[in-house]
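Visitor: The following file, start.csv, comprises CSV, C-alpha atoms:
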chain,number,residue,atom,x,y,z
A,16,MET,CA,-45.5,2.3,18.8
A,17,ASP,CA,-41.8,2.4,19.5
A,18,ALA,CA,-42.3,0.0,22.4
A,19,GLN,CA,-44.1,-2.4,20.0
A,20,LYS,CA,-41.3,-2.2,17.5
A,21,ASP,CA,-38.9,-3.2,20.1
A,22,THR,CA,-40.8,-6.2,21.1
A,23,ASP,CA,-41.3,-7.2,17.4
A,24,GLY,CA,-37.7,-6.5,16.4
A,25,VAL,CA,-35.2,-9.0,15.3
A,26,ARG,CA,-33.6,-10.8,18.3
A,27,LEU,CA,-30.2,-12.2,17.6
A,28,THR,CA,-29.4,-15.7,18.7
A,29,PRO,CA,-26.2,-16.2,20.9
A,30,GLU,CA,-24.4,-17.6,17.8
A,31,GLN,CA,-25.3,-14.5,15.7
A,32,LEU,CA,-24.3,-12.2,18.5
A,33,LYS,CA,-21.0,-14.1,18.8
A,34,SER,CA,-20.2,-14.0,15.1
A,35,ARG,CA,-21.1,-10.3,14.9
A,36,ARG,CA,-18.8,-9.5,17.8
A,37,GLN,CA,-16.0,-11.5,16.2
A,38,ARG,CA,-16.5,-9.6,12.9
A,39,ASN,CA,-16.5,-6.3,14.8
A,40,ILE,CA,-13.3,-7.1,16.6
A,41,ALA,CA,-11.6,-8.2,13.3
A,42,ILE,CA,-12.6,-5.0,11.6
A,43,GLY,CA,-11.3,-3.0,14.6
A,44,LEU,CA,-8.0,-4.8,14.6
A,45,ALA,CA,-7.6,-4.3,10.8
A,46,VAL,CA,-8.4,-0.6,11.0
A,47,GLY,CA,-6.0,-0.1,13.9
A,48,PHE,CA,-3.3,-2.1,12.0
A,49,PHE,CA,-3.7,0.1,8.9
A,50,VAL,CA,-3.6,3.3,10.9
A,51,LEU,CA,-0.2,2.3,12.4
A,52,LEU,CA,1.0,1.1,9.0
A,53,PHE,CA,0.1,4.4,7.3
A,54,TYR,CA,1.8,6.3,10.1
A,55,ALA,CA,4.9,4.2,9.8
A,56,VAL,CA,5.0,4.6,6.0
A,57,THR,CA,4.5,8.3,6.3
A,58,ILE,CA,7.5,8.6,8.6
A,59,ALA,CA,9.6,6.3,6.5
A,60,LYS,CA,8.8,8.3,3.3
A,61,LEU,CA,9.4,11.7,4.9
A,62,GLY,CA,12.7,10.5,6.3
A,63,PRO,CA,14.7,11.9,9.2
A,64,GLY,CA,14.4,15.5,7.9
A,65,VAL,CA,10.7,15.6,8.8
A,66,VAL,CA,11.2,18.1,11.7
A,67,SER,CA,13.9,20.3,10.1
A,68,ARG,CA,12.2,21.3,6.8
A,69,PRO,CA,12.0,25.1,5.9
A,70,MET,CA,8.6,26.5,6.8
B,11,MET,CA,-25.5,-6.3,5.2
B,12,SER,CA,-26.0,-9.3,7.4
B,13,PHE,CA,-29.2,-10.7,6.0
B,14,VAL,CA,-28.6,-14.0,4.3
B,15,GLY,CA,-31.1,-15.7,2.0
B,16,GLU,CA,-33.3,-12.8,0.8
B,17,SER,CA,-30.9,-10.4,-1.0
B,18,ASP,CA,-29.6,-12.9,-3.6
B,19,SER,CA,-32.8,-14.7,-4.4
B,20,GLY,CA,-34.9,-11.5,-4.6
B,21,VAL,CA,-37.6,-13.3,-2.7
B,22,ALA,CA,-38.7,-11.8,0.6
B,23,GLY,CA,-38.5,-14.4,3.3
B,24,PRO,CA,-37.8,-14.5,7.0
B,25,ALA,CA,-34.7,-12.5,7.7
B,26,LYS,CA,-31.7,-14.8,8.4
B,27,ILE,CA,-28.9,-13.0,10.1
B,28,SER,CA,-25.3,-13.8,9.1
B,29,VAL,CA,-23.3,-16.1,11.3
B,30,ALA,CA,-20.2,-15.6,9.1
B,31,SER,CA,-17.0,-15.5,11.1
B,32,PRO,CA,-13.9,-13.5,10.2
B,33,GLY,CA,-12.4,-16.8,9.1
B,34,ASP,CA,-15.1,-17.1,6.4
B,35,TYR,CA,-14.1,-13.7,5.1
B,36,ILE,CA,-10.5,-14.7,5.2
B,37,ALA,CA,-11.4,-17.8,3.2
B,38,LEU,CA,-12.9,-15.5,0.5
B,39,LEU,CA,-9.4,-14.1,0.0
B,40,LYS,CA,-8.1,-17.6,-1.0
B,41,PRO,CA,-5.2,-17.5,1.5
B,42,ARG,CA,-3.2,-20.2,-0.2
B,43,VAL,CA,-3.2,-18.3,-3.5
B,44,MET,CA,-2.4,-15.2,-1.6
B,45,SER,CA,0.7,-16.8,0.0
B,46,LEU,CA,2.0,-17.7,-3.5
B,47,VAL,CA,1.3,-14.1,-4.6
B,48,ILE,CA,3.2,-12.7,-1.6
B,49,PHE,CA,6.1,-15.0,-2.3
B,50,THR,CA,6.5,-14.2,-6.0
B,51,ALA,CA,5.8,-10.5,-5.5
B,52,LEU,CA,8.5,-10.3,-2.8
B,53,THR,CA,10.9,-11.9,-5.3
B,54,GLY,CA,10.1,-9.2,-7.9
B,55,LEU,CA,10.4,-6.5,-5.2
B,56,LEU,CA,13.8,-7.7,-4.1
B,57,LEU,CA,15.1,-8.1,-7.6
B,58,ALA,CA,15.1,-4.3,-7.9
B,59,PRO,CA,18.6,-2.9,-8.3
B,60,HIS,CA,18.1,-0.5,-5.3
B,61,PRO,CA,16.4,-1.9,-2.2
B,62,VAL,CA,13.3,-0.2,-1.0
B,63,HIS,CA,12.7,0.9,2.6
B,64,PRO,CA,11.6,-2.2,4.5
B,65,ILE,CA,8.4,-0.5,5.8
B,66,VAL,CA,7.5,0.8,2.3
B,67,GLY,CA,8.3,-2.6,0.9
B,68,PHE,CA,6.2,-4.4,3.5
B,69,ALA,CA,3.2,-2.0,2.9
B,70,ALA,CA,3.5,-2.5,-0.9
B,71,LEU,CA,3.6,-6.2,-0.5
B,72,LEU,CA,0.6,-6.1,1.8
B,73,ALA,CA,-1.3,-4.0,-0.8
B,74,ILE,CA,-0.5,-6.5,-3.5
B,75,ALA,CA,-1.6,-9.4,-1.3
B,76,VAL,CA,-4.9,-7.6,-0.4
B,77,GLY,CA,-5.4,-7.0,-4.1
B,78,ALA,CA,-4.9,-10.7,-4.9
B,79,GLY,CA,-7.3,-11.6,-2.1
B,80,ALA,CA,-9.9,-9.1,-3.3
B,81,SER,CA,-9.8,-10.7,-6.8
B,82,GLY,CA,-10.2,-14.1,-5.1
B,83,ALA,CA,-13.3,-12.8,-3.4
B,84,LEU,CA,-14.7,-11.4,-6.6
B,85,ASN,CA,-13.9,-14.7,-8.4
B,86,MET,CA,-15.9,-16.6,-5.7
B,87,TRP,CA,-18.8,-14.2,-6.1
B,88,TYR,CA,-19.0,-14.8,-9.8
B,89,ASP,CA,-18.3,-18.6,-9.7
B,90,ALA,CA,-20.6,-19.4,-6.8
B,91,ASP,CA,-22.9,-21.5,-9.1
B,92,ILE,CA,-20.1,-23.7,-10.3
B,93,ASP,CA,-18.3,-23.8,-7.0
B,94,ALA,CA,-21.4,-25.4,-5.5
B,95,ILE,CA,-21.2,-28.2,-8.0
B,96,MET,CA,-17.5,-29.1,-7.8
B,97,ARG,CA,-16.2,-31.3,-5.0
B,98,ARG,CA,-13.1,-29.2,-4.5
B,99,THR,CA,-15.0,-25.9,-4.0
B,100,CYS,CA,-18.4,-26.8,-2.6
B,101,LYS,CA,-17.4,-25.9,0.9
B,102,ARG,CA,-16.4,-22.3,0.1
B,103,PRO,CA,-18.1,-19.6,2.1
B,104,ILE,CA,-20.8,-18.7,-0.6
B,105,PRO,CA,-21.9,-22.2,-1.6
B,106,SER,CA,-22.0,-23.3,2.0
B,107,GLY,CA,-24.3,-20.3,2.8
B,108,LYS,CA,-22.1,-18.6,5.3
B,109,VAL,CA,-21.6,-15.4,3.2
B,110,THR,CA,-24.0,-14.1,0.5
B,111,GLY,CA,-22.9,-13.3,-3.0
B,112,SER,CA,-23.6,-9.6,-2.6
B,113,GLU,CA,-21.5,-9.5,0.6
B,114,ALA,CA,-18.6,-11.2,-1.2
B,115,LEU,CA,-19.0,-8.7,-4.1
B,116,GLY,CA,-19.0,-5.7,-1.8
B,117,PHE,CA,-16.1,-7.1,0.2
B,118,GLY,CA,-14.1,-7.8,-3.0
B,119,LEU,CA,-14.8,-4.4,-4.6
B,120,THR,CA,-13.9,-2.5,-1.4
B,121,LEU,CA,-10.7,-4.3,-0.9
B,122,SER,CA,-9.7,-3.9,-4.6
B,123,ALA,CA,-10.1,-0.2,-4.4
B,124,PHE,CA,-8.3,-0.1,-1.0
B,125,ALA,CA,-5.4,-2.2,-2.3
B,126,VAL,CA,-4.9,-0.2,-5.5
B,127,PHE,CA,-5.1,3.1,-3.7
B,128,THR,CA,-2.7,2.0,-1.0
B,129,LEU,CA,-0.2,0.7,-3.5
B,130,GLY,CA,-0.4,4.0,-5.3
B,131,ILE,CA,0.2,6.0,-2.1
B,132,VAL,CA,3.0,3.9,-0.6
B,133,ALA,CA,4.8,2.9,-3.8
B,134,ASN,CA,3.9,4.5,-7.1
B,135,TRP,CA,0.9,4.8,-9.4
B,136,ALA,CA,2.4,2.6,-12.2
B,137,ALA,CA,2.5,-0.3,-9.8
B,138,ALA,CA,-1.1,0.6,-8.7
B,139,ALA,CA,-2.3,0.7,-12.3
B,140,LEU,CA,-0.7,-2.7,-12.9
B,141,LEU,CA,-2.3,-4.2,-9.8
B,142,ALA,CA,-5.7,-2.8,-10.9
B,143,PHE,CA,-5.2,-4.4,-14.3
B,144,THR,CA,-4.2,-7.7,-12.7
B,145,ILE,CA,-7.5,-7.7,-10.7
B,146,PHE,CA,-9.5,-6.8,-13.8
B,147,PHE,CA,-7.7,-9.5,-15.8
B,148,TYR,CA,-8.4,-12.2,-13.2
B,149,VAL,CA,-12.0,-11.3,-12.5
B,150,VAL,CA,-13.3,-10.0,-15.9
B,151,ILE,CA,-11.1,-11.6,-18.5
B,152,TYR,CA,-10.5,-14.9,-16.8
B,153,SER,CA,-13.4,-15.6,-14.4
B,154,MET,CA,-16.2,-13.9,-16.3
B,155,TRP,CA,-15.2,-14.6,-19.9
B,156,LEU,CA,-12.4,-17.2,-20.6
B,157,LYS,CA,-13.1,-19.7,-17.9
B,158,ARG,CA,-16.4,-20.9,-19.2
B,159,ALA,CA,-15.7,-20.1,-22.9
B,160,THR,CA,-12.6,-21.8,-24.1
B,161,PRO,CA,-10.2,-24.7,-23.2
B,162,GLN,CA,-7.4,-22.1,-23.5
B,163,ASN,CA,-8.9,-20.5,-20.3
B,164,ILE,CA,-6.0,-21.1,-18.0
B,165,VAL,CA,-3.4,-20.4,-20.8
B,166,ILE,CA,-4.5,-16.8,-21.2
B,167,GLY,CA,-5.9,-16.5,-17.6
B,168,GLY,CA,-2.5,-17.7,-16.4
B,169,ALA,CA,-1.2,-14.1,-17.0
B,170,ALA,CA,-3.2,-13.0,-13.9
B,171,GLY,CA,-1.1,-15.3,-11.7
B,172,ALA,CA,2.1,-14.2,-13.5
B,173,PHE,CA,1.7,-10.5,-12.9
B,174,PRO,CA,2.5,-10.3,-9.1
B,175,PRO,CA,6.4,-10.4,-9.5
B,176,VAL,CA,6.1,-7.7,-12.1
B,177,VAL,CA,3.9,-5.6,-9.8
B,178,GLY,CA,6.5,-6.1,-7.0
B,179,TYR,CA,9.3,-5.0,-9.3
B,180,VAL,CA,7.4,-2.0,-10.6
B,181,ALA,CA,6.5,-1.1,-7.0
B,182,ALA,CA,10.2,-1.0,-6.1
B,183,THR,CA,11.5,0.8,-9.2
B,184,GLY,CA,8.6,2.5,-11.1
B,185,HIS,CA,9.5,0.8,-14.3
B,186,LEU,CA,9.6,-2.6,-16.0
B,187,SER,CA,12.7,-4.7,-16.7
B,188,VAL,CA,13.8,-7.8,-18.5
B,189,SER,CA,14.2,-9.7,-15.2
B,190,SER,CA,10.5,-9.0,-14.3
B,191,PHE,CA,9.4,-10.2,-17.7
B,192,VAL,CA,11.4,-13.4,-17.2
B,193,LEU,CA,9.6,-14.1,-13.9
B,194,PHE,CA,6.3,-13.3,-15.6
B,195,ALA,CA,7.1,-15.8,-18.4
B,196,ILE,CA,8.2,-18.6,-16.1
B,197,ILE,CA,4.8,-18.4,-14.2
B,198,PHE,CA,2.9,-17.9,-17.4
B,199,VAL,CA,4.3,-21.0,-19.1
B,200,TRP,CA,4.2,-23.0,-15.9
B,201,THR,CA,0.5,-22.5,-15.4
B,202,PRO,CA,-0.9,-24.8,-18.2
B,203,PRO,CA,1.0,-28.0,-17.3
B,204,HIS,CA,0.3,-27.4,-13.7
B,205,PHE,CA,-3.5,-27.0,-14.1
B,206,TRP,CA,-3.9,-29.6,-16.9
B,207,ALA,CA,-2.2,-32.2,-14.8
B,208,LEU,CA,-4.9,-31.7,-12.2
B,209,ALA,CA,-7.6,-31.4,-14.8
B,210,LEU,CA,-6.6,-34.8,-16.3
B,211,VAL,CA,-7.6,-36.4,-12.9
B,212,ARG,CA,-10.6,-34.1,-12.2
B,213,ALA,CA,-12.0,-34.0,-15.7
B,214,ALA,CA,-15.4,-35.4,-14.5
B,215,ASP,CA,-15.7,-32.7,-11.9
B,216,TYR,CA,-15.0,-30.0,-14.4
B,217,GLY,CA,-17.4,-31.6,-16.8
B,218,ARG,CA,-20.2,-31.6,-14.3
B,219,ALA,CA,-19.7,-27.9,-13.7
B,220,GLY,CA,-19.6,-27.2,-17.5
B,221,ILE,CA,-16.1,-25.8,-17.5
B,222,PRO,CA,-14.4,-26.5,-20.8
B,223,MET,CA,-11.0,-27.6,-19.5
B,224,LEU,CA,-8.7,-29.1,-22.2
B,225,PRO,CA,-9.2,-32.8,-21.2
B,226,ASN,CA,-13.0,-32.4,-21.5
B,227,VAL,CA,-12.9,-30.6,-24.9
B,228,LYS,CA,-9.8,-31.9,-26.7
B,229,GLY,CA,-9.4,-35.2,-24.8
B,230,PRO,CA,-6.8,-36.5,-22.4
B,231,ASN,CA,-4.3,-37.5,-25.1
B,232,ARG,CA,-4.1,-34.0,-26.6
B,233,THR,CA,-3.8,-32.6,-23.1
B,234,ARG,CA,-0.9,-34.9,-22.4
B,235,LEU,CA,0.8,-33.7,-25.5
B,236,GLU,CA,0.3,-30.1,-24.7
B,237,ILE,CA,1.6,-30.6,-21.1
B,238,LEU,CA,4.8,-32.1,-22.6
B,239,LEU,CA,5.1,-29.2,-25.1
B,240,TYR,CA,4.6,-26.5,-22.5
B,241,SER,CA,7.1,-28.3,-20.2
B,242,LEU,CA,9.7,-28.3,-23.1
B,243,VAL,CA,9.3,-24.5,-23.2
B,244,LEU,CA,9.2,-24.1,-19.4
B,245,VAL,CA,12.5,-25.8,-18.6
B,246,PRO,CA,14.8,-23.4,-20.6
B,247,LEU,CA,12.8,-20.5,-19.3
B,248,GLY,CA,13.5,-21.7,-15.8
B,249,VAL,CA,17.2,-21.4,-16.5
B,250,ALA,CA,16.9,-18.0,-18.1
B,251,PRO,CA,17.5,-16.0,-14.9
B,252,TYR,CA,21.0,-17.5,-14.8
B,253,LEU,CA,21.6,-17.2,-18.5
B,254,LEU,CA,20.6,-13.5,-18.4
B,255,GLY,CA,22.9,-12.8,-15.5
B,256,PHE,CA,20.5,-12.0,-12.6
B,257,ALA,CA,21.0,-15.3,-10.8
B,258,SER,CA,24.1,-17.3,-9.7
B,259,PRO,CA,25.5,-20.5,-11.1
B,260,VAL,CA,23.9,-22.2,-8.1
B,261,TYR,CA,20.5,-21.2,-9.4
B,262,GLY,CA,21.6,-22.3,-12.9
B,263,VAL,CA,22.5,-25.8,-11.7
B,264,ALA,CA,19.3,-26.1,-9.5
B,265,SER,CA,17.0,-24.9,-12.3
B,266,VAL,CA,18.5,-27.4,-14.8
B,267,ALA,CA,18.1,-30.3,-12.2
B,268,LEU,CA,14.6,-29.2,-11.3
B,269,GLY,CA,13.7,-28.8,-15.0
B,270,ALA,CA,15.0,-32.3,-15.8
B,271,VAL,CA,12.7,-33.8,-13.1
B,272,PHE,CA,9.7,-31.7,-14.4
B,273,LEU,CA,10.3,-32.9,-17.9
B,274,GLY,CA,10.8,-36.5,-16.8
B,275,LEU,CA,7.4,-36.4,-15.0
B,276,ALA,CA,5.8,-34.7,-18.0
B,277,VAL,CA,7.1,-37.5,-20.3
B,278,ARG,CA,5.8,-40.1,-17.9
B,279,VAL,CA,2.3,-38.4,-18.0
B,280,PHE,CA,2.6,-38.4,-21.8
B,281,LEU,CA,3.5,-42.1,-22.1
B,282,VAL,CA,1.3,-43.7,-19.4
B,283,ARG,CA,-2.3,-43.0,-20.5
B,284,THR,CA,-4.5,-45.6,-18.8
B,285,GLY,CA,-5.1,-47.2,-15.4
B,286,ASP,CA,-4.5,-46.0,-11.9
B,287,LYS,CA,-0.9,-45.2,-12.8
B,288,ALA,CA,-2.0,-42.6,-15.3
B,289,ASP,CA,-3.9,-40.6,-12.6
B,290,GLN,CA,-1.1,-41.2,-10.1
B,291,TYR,CA,1.6,-39.8,-12.5
B,292,ALA,CA,-0.6,-36.8,-13.4
B,293,MET,CA,-1.0,-36.0,-9.7
B,294,ALA,CA,2.7,-36.5,-9.2
B,295,LEU,CA,3.4,-33.9,-11.9
B,296,PHE,CA,0.8,-31.5,-10.4
B,297,GLY,CA,2.5,-31.8,-6.9
B,298,PHE,CA,6.0,-31.4,-8.3
B,299,SER,CA,5.0,-28.4,-10.4
B,300,ILE,CA,4.2,-26.5,-7.1
B,301,LEU,CA,7.5,-27.5,-5.6
B,302,TYR,CA,9.3,-26.6,-8.9
B,303,LEU,CA,8.0,-23.0,-8.9
B,304,PHE,CA,8.5,-22.6,-5.2
B,305,LEU,CA,12.1,-23.8,-5.3
B,306,LEU,CA,13.0,-21.6,-8.3
B,307,PHE,CA,11.6,-18.5,-6.6
B,308,ALA,CA,13.0,-19.4,-3.2
B,309,GLU,CA,16.5,-19.7,-4.8
B,310,LEU,CA,16.2,-16.3,-6.4
B,311,LEU,CA,14.9,-14.8,-3.2
B,312,THR,CA,17.6,-16.4,-1.1
B,313,GLU,CA,20.4,-15.2,-3.4
B,314,ARG,CA,19.0,-11.6,-3.4
B,315,VAL,CA,18.6,-11.5,0.4
B,316,ILE,CA,22.2,-12.7,0.8
B,317,THR,CA,23.4,-10.1,-1.7
B,318,LEU,CA,21.5,-7.4,0.1
B,319,PHE,CA,22.9,-8.4,3.6
B,320,LEU,CA,26.4,-8.6,2.3
B,321,GLY,CA,26.0,-5.2,0.7
B,322,MET,CA,27.1,-6.5,-2.7
Please, can you express the file's structure as structure tokens?

Guide:
Amino acid sequence: MDAQKDTDGVRLTPEQLKSRRQRNIAIGLAVGFFVLLFYAVTIAKLGPGVVSRPM
Amino acid sequence: MSFVGESDSGVAGPAKISVASPGDYIALLKPRVMSLVIFTALTGLLLAPHPVHPIVGFAALLAIAVGAGASGALNMWYDADIDAIMRRTCKRPIPSGKVTGSEALGFGLTLSAFAVFTLGIVANWAAAALLAFTIFFYVVIYSMWLKRATPQNIVIGGAAGAFPPVVGYVAATGHLSVSSFVLFAIIFVWTPPHFWALALVRAADYGRAGIPMLPNVKGPNRTRLEILLYSLVLVPLGVAPYLLGFASPVYGVASVALGAVFLGLAVRVFLVRTGDKADQYAMALFGFSILYLFLLFAELLTERVITLFLGM
């Protein structure tokens, strides 16, 4: 049954594979960029006293 | 999410898998409009009496830009039917079949929520609320309601384009000020003569799409008169930053000179009503109106940057 599903499944054309790969890379870069941005904003907002605050 | 052709029509057919590139999604964000939003929002941000941290300012600006892009995607989702008819817009990602309407809707809603949330976190929630209102105003009030309902569509809808410098200012300060209202007013009053100059030339295109632009509803002569009247209000408004003391005499002189050219072009559009010259003069006003707004804001921006660098 599973084997039949595999053979009947959707096969992507090279163009579809290429565009999906491009979209995935774009999403990955955007997420990475925003992780770095949020980190930088956090440090900027906390300021230089971030490591010397009272517990 | 990648199946094109069956989700929007509701008819089951052979699955067509998306070949949309990242560039198609970027096109949904209307990058040219986005660049104008970044420019005007940056001016508002830097007009704040106390400068914001550069990283916080950059993140706030990015959130405003993403919010503007998201509203562009939602506008393209809603206007896909008329975009397909008009020459200027028929190659956009949805009418050209590269992205489905539901994909654009999901993309726009997700980015809207992300932009508002991010601006709230990095700047303040007043700015975030204003950005949310701007997106709502552009998508619901302008795109869904006014655009197809009244020839005053771009007059009232112009407020959406005028909000970014106010959002930028509020992001930096947490409150409103006279200077941010003046920037709002300049863009708000600039919008009708800018769009109506184009609509005079593209009236047939708008007519085919059933959009009630002023030249189609009230006629070209009434449009020419209203362009002139709005220009008469715009020119003194353009000088207001100098008169109210938040721009230098250099800006004052520049805004008077630019305003005189704007008014001259508007008078020419009003007087020359037939023939190729009429279209040519309308397009000249349309082109100059972009330069006019750009130069006014560039001058304000440059003055503020110089002031900040000199620590004045």

Visitor: Just need the residues of chain A within 10 Å of chain B, counting all atoms listed in the file, so spit them out as an NGL selection string.

Guide: :A and (25-28 or 30-42 or 49 or 52-53 or 55-60)

Visitor: Please provide the set of residues having any atom within 7 Å of stretch 228-235 of chain B, restricted to all atoms listed in the file, with same-chain residues fewer than 6 positions apart removed, written as a PDB file with C-alpha atoms, in the coordinates of the input.

Guide:
ATOM      1  CA  TRP B 206      -3.900 -29.600 -16.900  1.00  0.00           C
ATOM      2  CA  LEU B 210      -6.600 -34.800 -16.300  1.00  0.00           C
ATOM      3  CA  VAL B 279       2.300 -38.400 -18.000  1.00  0.00           C
ATOM      4  CA  PHE B 280       2.600 -38.400 -21.800  1.00  0.00           C
TER       5      PHE B 280
END

Visitor: Could you jot down the atom CA of A:Leu61 to atom CA of B:Ala142 separation for me, Å, one decimal place?

Guide: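 Atom-to-atom, atom CA of A:Leu61 and atom CA of B:Ala142 are spaced 26.2 Å apart.
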
Visitor: Name the residues in contact with B:Val177 at a cut-off of 9 Å, using all atoms listed in the file, excluding same-chain residues fewer than 4 positions from it; report them as a PyMOL selection string.

Guide: chain B and resi 51+54-55+74+136-138+140-141+144+173+181-182+186+190

Visitor: So that I can see what lies close to B:Arg158, please list as a PyMOL selection string the residues with an atom at most 10 Å from it, counting only C-alpha atoms and leaving out residues fewer than 3 positions away in the same chain.

Guide: chain B and resi 89+152-155+161+163+219-223

Visitor: Kindly give the distance, in Å, that separates atom CA of B:Gly178 and atom CA of B:Pro41, rounded to a single decimal.

Guide: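 Taking atom CA of B:Gly178 and atom CA of B:Pro41, their separation equals 18.4 Å.
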